[in-house]
Structure formats: structure tokens, C-alpha cells
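Quick notes on the structure that follows.
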Amino acid sequence: MLTQKAKYGLRALAILAQGAPESPTMTILDIALRAHAPHKFLEAILLDLRRHGFVFSRRGKAGGYGLAQPPRIIRVGDIIRAIDGPLAPIPCASLTAYRACLDCPRPQACAIQRLMRQVRDATATVLDGTSLAELAAHGEAVLGDDPDGSDSRGGSSGAEDLREGEPESMEGRAEPVDERI
């Protein structure tokens, strides 16, 4: 499952990828507001991303964070691995952090491991095949911005938020969408 830390990191990098070319950096406060992320938590995430070479930081009046590489080169899979670790759902299916299951007598014949490797490979294909530029191109869906241009911090009256036919109470609503990869 994608952690909240990885979601905030992806949002922050997508925001930086959408930034204006004349201003290569953005303050952490601006990023946090646009990413709908807690300032202090995002600061720790950006420090991790800086250590992994995804962003740079600059001090001073024109300071902030910027992308260390063009967004078309940065792969979403690499970002997630840097923040959350291996993409494999279980350790015995990981390429980079393999750990045998203690309760498995014959790992080479394990059907669960074989299936989880297929899951790992399919996930890696999608995430490694998607650049940060591609992710950022879908900014409204990624960043939660309202496509009609209204205030992305929830500045609407609320009436237009109800879809036709939806009940006003939580009772009778469908379960939230599962956000796992």
C-alpha cells in the first residue's frame, strides 16, 4: 500500500514539476499549501528526497526547493522506492530487499511467492513507465485541485460538491475508493 508519506512526496514533486521555468524553486510553505500536506511532515519528506537526489534546496530570499533533474527523467517508481522502499508486496518477492519467509519450506516452489513476483513486476512496469512529467500533467487529479478553477483549498459553497442523486448524509454512500497500488 502506498503510504501517506509517499503520497505527499509525489504531490510535492508534481507541484515542483508544474512550476514556472523562470522560478526554479518554491518555498516549502507554498508546496505544503498546494499539496494539502502538513508543513513539518513535508519538510522531512523533502529532506529525504534531497538525499536521494530528486530535489535541491536553496537558502535565502529566492530560496526553496526545486527539481534536481528534468521531470521527464524522474520515474514515479524510483520516487516510491526512495520513500517507501521496495515495490514488492512481500519480502520474498523483492529484487532489492529479498528475505526468505521463515515458514516456507521450499521457496523455489512457492505459489504465493510466484504470484507476488507477478504483482511486483506489474506494479514496477506501471510505476517505472510513468515519468514525473506525466504524473504532473494530470495535476488536477493528483493535487486535488478543482477542475473548474475554484479555490483548491475548499473555497466553494459546498452545494456544487453534492452530485446529483447522492444522499446528503454519509448513510447510503458507497465505500471510499481503495487507494492502494
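Order determines the names: the first chain of the C-alpha cells is A, the second B, and so forth; residues in each chain are numbered 1 upward, and ligands are numbered 1 upward as they are shown.
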* To do: Would you mind listing what lies within 6 Å of Tyr65 (chain A) as a ChimeraX atom specification, with only C-alpha atoms counted and same-chain residues fewer than 4 positions away left out?
  => /A:25-26,56-57
Convert the current residue selection to file output with C-alpha atoms, as a tab-separated table (two decimals), in the first residue's frame.
chain	number	residue	atom	x	y	z
A	25	THR	CA	12.37	26.97	-6.64
A	26	MET	CA	9.28	27.10	-4.48
A	56	PHE	CA	17.79	20.56	-4.37
A	57	SER	CA	17.34	23.26	-1.79
Members of region 59-95 of chain A assigned strand (DSSP E or B) by DSSP, as an mmCIF file with C-alpha atoms, in the first residue's frame:
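Below you can see selection.cif, which holds the result:
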data_model
loop_
_atom_site.group_PDB
_atom_site.id
_atom_site.type_symbol
_atom_site.label_atom_id
_atom_site.label_comp_id
_atom_site.auth_asym_id
_atom_site.auth_seq_id
_atom_site.Cartn_x
_atom_site.Cartn_y
_atom_site.Cartn_z
ATOM 1 C CA GLY A 64 13.142 26.942 -1.542
ATOM 2 C CA TYR A 65 13.074 23.551 -3.204
ATOM 3 C CA GLY A 66 13.394 22.677 -6.872
ATOM 4 C CA LEU A 67 13.732 19.573 -9.001
ATOM 5 C CA ARG A 75 10.392 7.863 -12.698
#
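Interatomic distance, CA of Ile73 (chain A) against CA of Ser131 (chain A): 6.5 Å.
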* Asked: Which residues come within 12 Å of Gly19 (chain A), counting only C-alpha atoms, excluding same-chain residues fewer than 2 positions away, as a ChimeraX atom specification?
  -> /A:12-17,21-27,30-31,34,65-67,70-71,133,136-137,139
* **DSSP helix (DSSP H, G or I) selection over region 85-125 of chain A, as a VMD selection string** => chain A and resid 91 to 93 107 to 109 111 to 125
Can you write just those residues out, N, CA, C and O atoms, as a PDB file, in the first residue's frame?
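The file below, again_14.pdb, is the result:
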ATOM      1  N   PRO A  91       8.375  -9.616   1.352  1.00  0.00           N
ATOM      2  CA  PRO A  91       9.843  -9.614   1.242  1.00  0.00           C
ATOM      3  C   PRO A  91      10.427 -10.691   0.325  1.00  0.00           C
ATOM      4  O   PRO A  91      11.429 -10.458  -0.335  1.00  0.00           O
ATOM      5  N   CYS A  92       9.812 -11.855   0.257  1.00  0.00           N
ATOM      6  CA  CYS A  92      10.386 -12.924  -0.562  1.00  0.00           C
ATOM      7  C   CYS A  92      10.169 -12.700  -2.063  1.00  0.00           C
ATOM      8  O   CYS A  92      10.729 -13.421  -2.884  1.00  0.00           O
ATOM      9  N   ALA A  93       9.419 -11.664  -2.428  1.00  0.00           N
ATOM     10  CA  ALA A  93       9.212 -11.341  -3.838  1.00  0.00           C
ATOM     11  C   ALA A  93      10.030 -10.134  -4.274  1.00  0.00           C
ATOM     12  O   ALA A  93       9.983  -9.737  -5.432  1.00  0.00           O
ATOM     13  N   PRO A 107      10.961 -22.290  -0.870  1.00  0.00           N
ATOM     14  CA  PRO A 107      10.681 -21.011  -1.534  1.00  0.00           C
ATOM     15  C   PRO A 107      10.686 -21.105  -3.061  1.00  0.00           C
ATOM     16  O   PRO A 107       9.894 -20.432  -3.721  1.00  0.00           O
ATOM     17  N   GLN A 108      11.541 -21.953  -3.625  1.00  0.00           N
ATOM     18  CA  GLN A 108      11.622 -22.074  -5.084  1.00  0.00           C
ATOM     19  C   GLN A 108      10.346 -22.667  -5.689  1.00  0.00           C
ATOM     20  O   GLN A 108      10.104 -22.533  -6.881  1.00  0.00           O
ATOM     21  N   ALA A 109       9.501 -23.293  -4.871  1.00  0.00           N
ATOM     22  CA  ALA A 109       8.261 -23.896  -5.366  1.00  0.00           C
ATOM     23  C   ALA A 109       7.020 -23.194  -4.819  1.00  0.00           C
ATOM     24  O   ALA A 109       5.905 -23.679  -4.997  1.00  0.00           O
ATOM     25  N   ALA A 111       3.922 -21.009  -4.545  1.00  0.00           N
ATOM     26  CA  ALA A 111       2.959 -20.384  -5.456  1.00  0.00           C
ATOM     27  C   ALA A 111       2.657 -18.938  -5.057  1.00  0.00           C
ATOM     28  O   ALA A 111       2.432 -18.078  -5.914  1.00  0.00           O
ATOM     29  N   ILE A 112       2.664 -18.669  -3.764  1.00  0.00           N
ATOM     30  CA  ILE A 112       2.398 -17.303  -3.291  1.00  0.00           C
ATOM     31  C   ILE A 112       3.531 -16.374  -3.729  1.00  0.00           C
ATOM     32  O   ILE A 112       3.294 -15.272  -4.230  1.00  0.00           O
ATOM     33  N   GLN A 113       4.767 -16.845  -3.566  1.00  0.00           N
ATOM     34  CA  GLN A 113       5.901 -16.035  -3.992  1.00  0.00           C
ATOM     35  C   GLN A 113       5.842 -15.762  -5.499  1.00  0.00           C
ATOM     36  O   GLN A 113       6.064 -14.639  -5.944  1.00  0.00           O
ATOM     37  N   ARG A 114       5.510 -16.760  -6.270  1.00  0.00           N
ATOM     38  CA  ARG A 114       5.415 -16.618  -7.725  1.00  0.00           C
ATOM     39  C   ARG A 114       4.356 -15.570  -8.089  1.00  0.00           C
ATOM     40  O   ARG A 114       4.589 -14.694  -8.908  1.00  0.00           O
ATOM     41  N   LEU A 115       3.201 -15.628  -7.435  1.00  0.00           N
ATOM     42  CA  LEU A 115       2.135 -14.657  -7.692  1.00  0.00           C
ATOM     43  C   LEU A 115       2.562 -13.241  -7.279  1.00  0.00           C
ATOM     44  O   LEU A 115       2.346 -12.274  -8.009  1.00  0.00           O
ATOM     45  N   MET A 116       3.194 -13.124  -6.117  1.00  0.00           N
ATOM     46  CA  MET A 116       3.612 -11.807  -5.626  1.00  0.00           C
ATOM     47  C   MET A 116       4.726 -11.205  -6.484  1.00  0.00           C
ATOM     48  O   MET A 116       4.850  -9.990  -6.606  1.00  0.00           O
ATOM     49  N   ARG A 117       5.526 -12.044  -7.124  1.00  0.00           N
ATOM     50  CA  ARG A 117       6.520 -11.538  -8.081  1.00  0.00           C
ATOM     51  C   ARG A 117       5.824 -10.958  -9.311  1.00  0.00           C
ATOM     52  O   ARG A 117       6.262  -9.962  -9.865  1.00  0.00           O
ATOM     53  N   GLN A 118       4.736 -11.597  -9.730  1.00  0.00           N
ATOM     54  CA  GLN A 118       3.964 -11.056 -10.855  1.00  0.00           C
ATOM     55  C   GLN A 118       3.341  -9.709 -10.483  1.00  0.00           C
ATOM     56  O   GLN A 118       3.337  -8.775 -11.282  1.00  0.00           O
ATOM     57  N   VAL A 119       2.855  -9.608  -9.249  1.00  0.00           N
ATOM     58  CA  VAL A 119       2.302  -8.338  -8.759  1.00  0.00           C
ATOM     59  C   VAL A 119       3.401  -7.279  -8.748  1.00  0.00           C
ATOM     60  O   VAL A 119       3.210  -6.153  -9.213  1.00  0.00           O
ATOM     61  N   ARG A 120       4.556  -7.642  -8.205  1.00  0.00           N
ATOM     62  CA  ARG A 120       5.702  -6.721  -8.166  1.00  0.00           C
ATOM     63  C   ARG A 120       6.082  -6.260  -9.574  1.00  0.00           C
ATOM     64  O   ARG A 120       6.265  -5.076  -9.828  1.00  0.00           O
ATOM     65  N   ASP A 121       6.169  -7.199 -10.505  1.00  0.00           N
ATOM     66  CA  ASP A 121       6.562  -6.863 -11.871  1.00  0.00           C
ATOM     67  C   ASP A 121       5.543  -5.961 -12.562  1.00  0.00           C
ATOM     68  O   ASP A 121       5.916  -5.010 -13.252  1.00  0.00           O
ATOM     69  N   ALA A 122       4.263  -6.241 -12.372  1.00  0.00           N
ATOM     70  CA  ALA A 122       3.220  -5.411 -12.983  1.00  0.00           C
ATOM     71  C   ALA A 122       3.229  -4.003 -12.385  1.00  0.00           C
ATOM     72  O   ALA A 122       3.117  -3.001 -13.115  1.00  0.00           O
ATOM     73  N   THR A 123       3.401  -3.918 -11.076  1.00  0.00           N
ATOM     74  CA  THR A 123       3.467  -2.620 -10.417  1.00  0.00           C
ATOM     75  C   THR A 123       4.678  -1.836 -10.913  1.00  0.00           C
ATOM     76  O   THR A 123       4.574  -0.654 -11.240  1.00  0.00           O
ATOM     77  N   ALA A 124       5.820  -2.491 -10.980  1.00  0.00           N
ATOM     78  CA  ALA A 124       7.041  -1.838 -11.443  1.00  0.00           C
ATOM     79  C   ALA A 124       6.899  -1.374 -12.889  1.00  0.00           C
ATOM     80  O   ALA A 124       7.368  -0.285 -13.240  1.00  0.00           O
ATOM     81  N   THR A 125       6.247  -2.163 -13.720  1.00  0.00           N
ATOM     82  CA  THR A 125       6.056  -1.779 -15.118  1.00  0.00           C
ATOM     83  C   THR A 125       5.284  -0.466 -15.222  1.00  0.00           C
ATOM     84  O   THR A 125       5.666   0.431 -15.974  1.00  0.00           O
TER      85      THR A 125
END
* **Distance in Å - CA of Lys61 (chain A) versus CA of Leu42 (chain A)** => 20.0 Å
* Glu43 (chain A) surroundings by only C-alpha atoms, 10 Å radius, close-in-sequence under 3 positions cut, as a PyMOL selection string -> chain A and resi 9+28-29+31-32+37-40+46-49
Emit the selected residues as a PDB file, in the first residue's frame, including N, CA, C and O atoms.
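Saved to part_0.pdb:
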ATOM      1  N   GLY A   9       4.940  13.070  -0.910  1.00  0.00           N
ATOM      2  CA  GLY A   9       6.155  13.246  -1.707  1.00  0.00           C
ATOM      3  C   GLY A   9       5.852  13.344  -3.191  1.00  0.00           C
ATOM      4  O   GLY A   9       6.399  14.201  -3.892  1.00  0.00           O
ATOM      5  N   ILE A  28       8.730  25.915   0.853  1.00  0.00           N
ATOM      6  CA  ILE A  28       8.080  24.739   1.420  1.00  0.00           C
ATOM      7  C   ILE A  28       6.646  25.052   1.829  1.00  0.00           C
ATOM      8  O   ILE A  28       5.762  24.208   1.710  1.00  0.00           O
ATOM      9  N   LEU A  29       6.400  26.270   2.275  1.00  0.00           N
ATOM     10  CA  LEU A  29       5.039  26.658   2.652  1.00  0.00           C
ATOM     11  C   LEU A  29       4.110  26.631   1.445  1.00  0.00           C
ATOM     12  O   LEU A  29       2.987  26.121   1.522  1.00  0.00           O
ATOM     13  N   ILE A  31       4.526  24.857  -1.300  1.00  0.00           N
ATOM     14  CA  ILE A  31       4.350  23.450  -1.689  1.00  0.00           C
ATOM     15  C   ILE A  31       3.357  22.768  -0.759  1.00  0.00           C
ATOM     16  O   ILE A  31       2.455  22.065  -1.216  1.00  0.00           O
ATOM     17  N   ALA A  32       3.509  22.984   0.545  1.00  0.00           N
ATOM     18  CA  ALA A  32       2.623  22.348   1.528  1.00  0.00           C
ATOM     19  C   ALA A  32       1.168  22.766   1.311  1.00  0.00           C
ATOM     20  O   ALA A  32       0.263  21.929   1.378  1.00  0.00           O
ATOM     21  N   ALA A  37      -0.610  19.254   2.457  1.00  0.00           N
ATOM     22  CA  ALA A  37       0.231  18.421   3.313  1.00  0.00           C
ATOM     23  C   ALA A  37       0.699  19.219   4.525  1.00  0.00           C
ATOM     24  O   ALA A  37       0.935  20.421   4.410  1.00  0.00           O
ATOM     25  N   PRO A  38       0.857  18.567   5.667  1.00  0.00           N
ATOM     26  CA  PRO A  38       1.396  19.253   6.847  1.00  0.00           C
ATOM     27  C   PRO A  38       2.823  19.745   6.579  1.00  0.00           C
ATOM     28  O   PRO A  38       3.671  18.982   6.110  1.00  0.00           O
ATOM     29  N   HIS A  39       3.057  20.997   6.897  1.00  0.00           N
ATOM     30  CA  HIS A  39       4.331  21.666   6.621  1.00  0.00           C
ATOM     31  C   HIS A  39       5.533  20.900   7.169  1.00  0.00           C
ATOM     32  O   HIS A  39       6.500  20.632   6.457  1.00  0.00           O
ATOM     33  N   LYS A  40       5.516  20.548   8.446  1.00  0.00           N
ATOM     34  CA  LYS A  40       6.661  19.878   9.079  1.00  0.00           C
ATOM     35  C   LYS A  40       6.896  18.476   8.500  1.00  0.00           C
ATOM     36  O   LYS A  40       8.038  18.060   8.301  1.00  0.00           O
ATOM     37  N   LEU A  46      10.830  16.159   2.024  1.00  0.00           N
ATOM     38  CA  LEU A  46      11.686  16.832   1.049  1.00  0.00           C
ATOM     39  C   LEU A  46      13.168  16.666   1.387  1.00  0.00           C
ATOM     40  O   LEU A  46      14.002  16.563   0.484  1.00  0.00           O
ATOM     41  N   LEU A  47      13.493  16.601   2.665  1.00  0.00           N
ATOM     42  CA  LEU A  47      14.885  16.329   3.048  1.00  0.00           C
ATOM     43  C   LEU A  47      15.303  14.936   2.576  1.00  0.00           C
ATOM     44  O   LEU A  47      16.414  14.749   2.064  1.00  0.00           O
ATOM     45  N   ASP A  48      14.419  13.948   2.738  1.00  0.00           N
ATOM     46  CA  ASP A  48      14.698  12.592   2.227  1.00  0.00           C
ATOM     47  C   ASP A  48      14.861  12.617   0.708  1.00  0.00           C
ATOM     48  O   ASP A  48      15.772  11.992   0.164  1.00  0.00           O
ATOM     49  N   LEU A  49      13.979  13.324   0.031  1.00  0.00           N
ATOM     50  CA  LEU A  49      14.046  13.395  -1.435  1.00  0.00           C
ATOM     51  C   LEU A  49      15.311  14.114  -1.891  1.00  0.00           C
ATOM     52  O   LEU A  49      15.881  13.776  -2.933  1.00  0.00           O
TER      53      LEU A  49
END
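Interatomic distance, CA of Arg81 (chain A) against CA of Asp103 (chain A): 26.5 Å.
Counting only C-alpha atoms and comparing A:Ala68, A:Ile74, A:Ala82, A:Leu132, the residue that lies closest to Ala6 (chain A) is A:Ala82.
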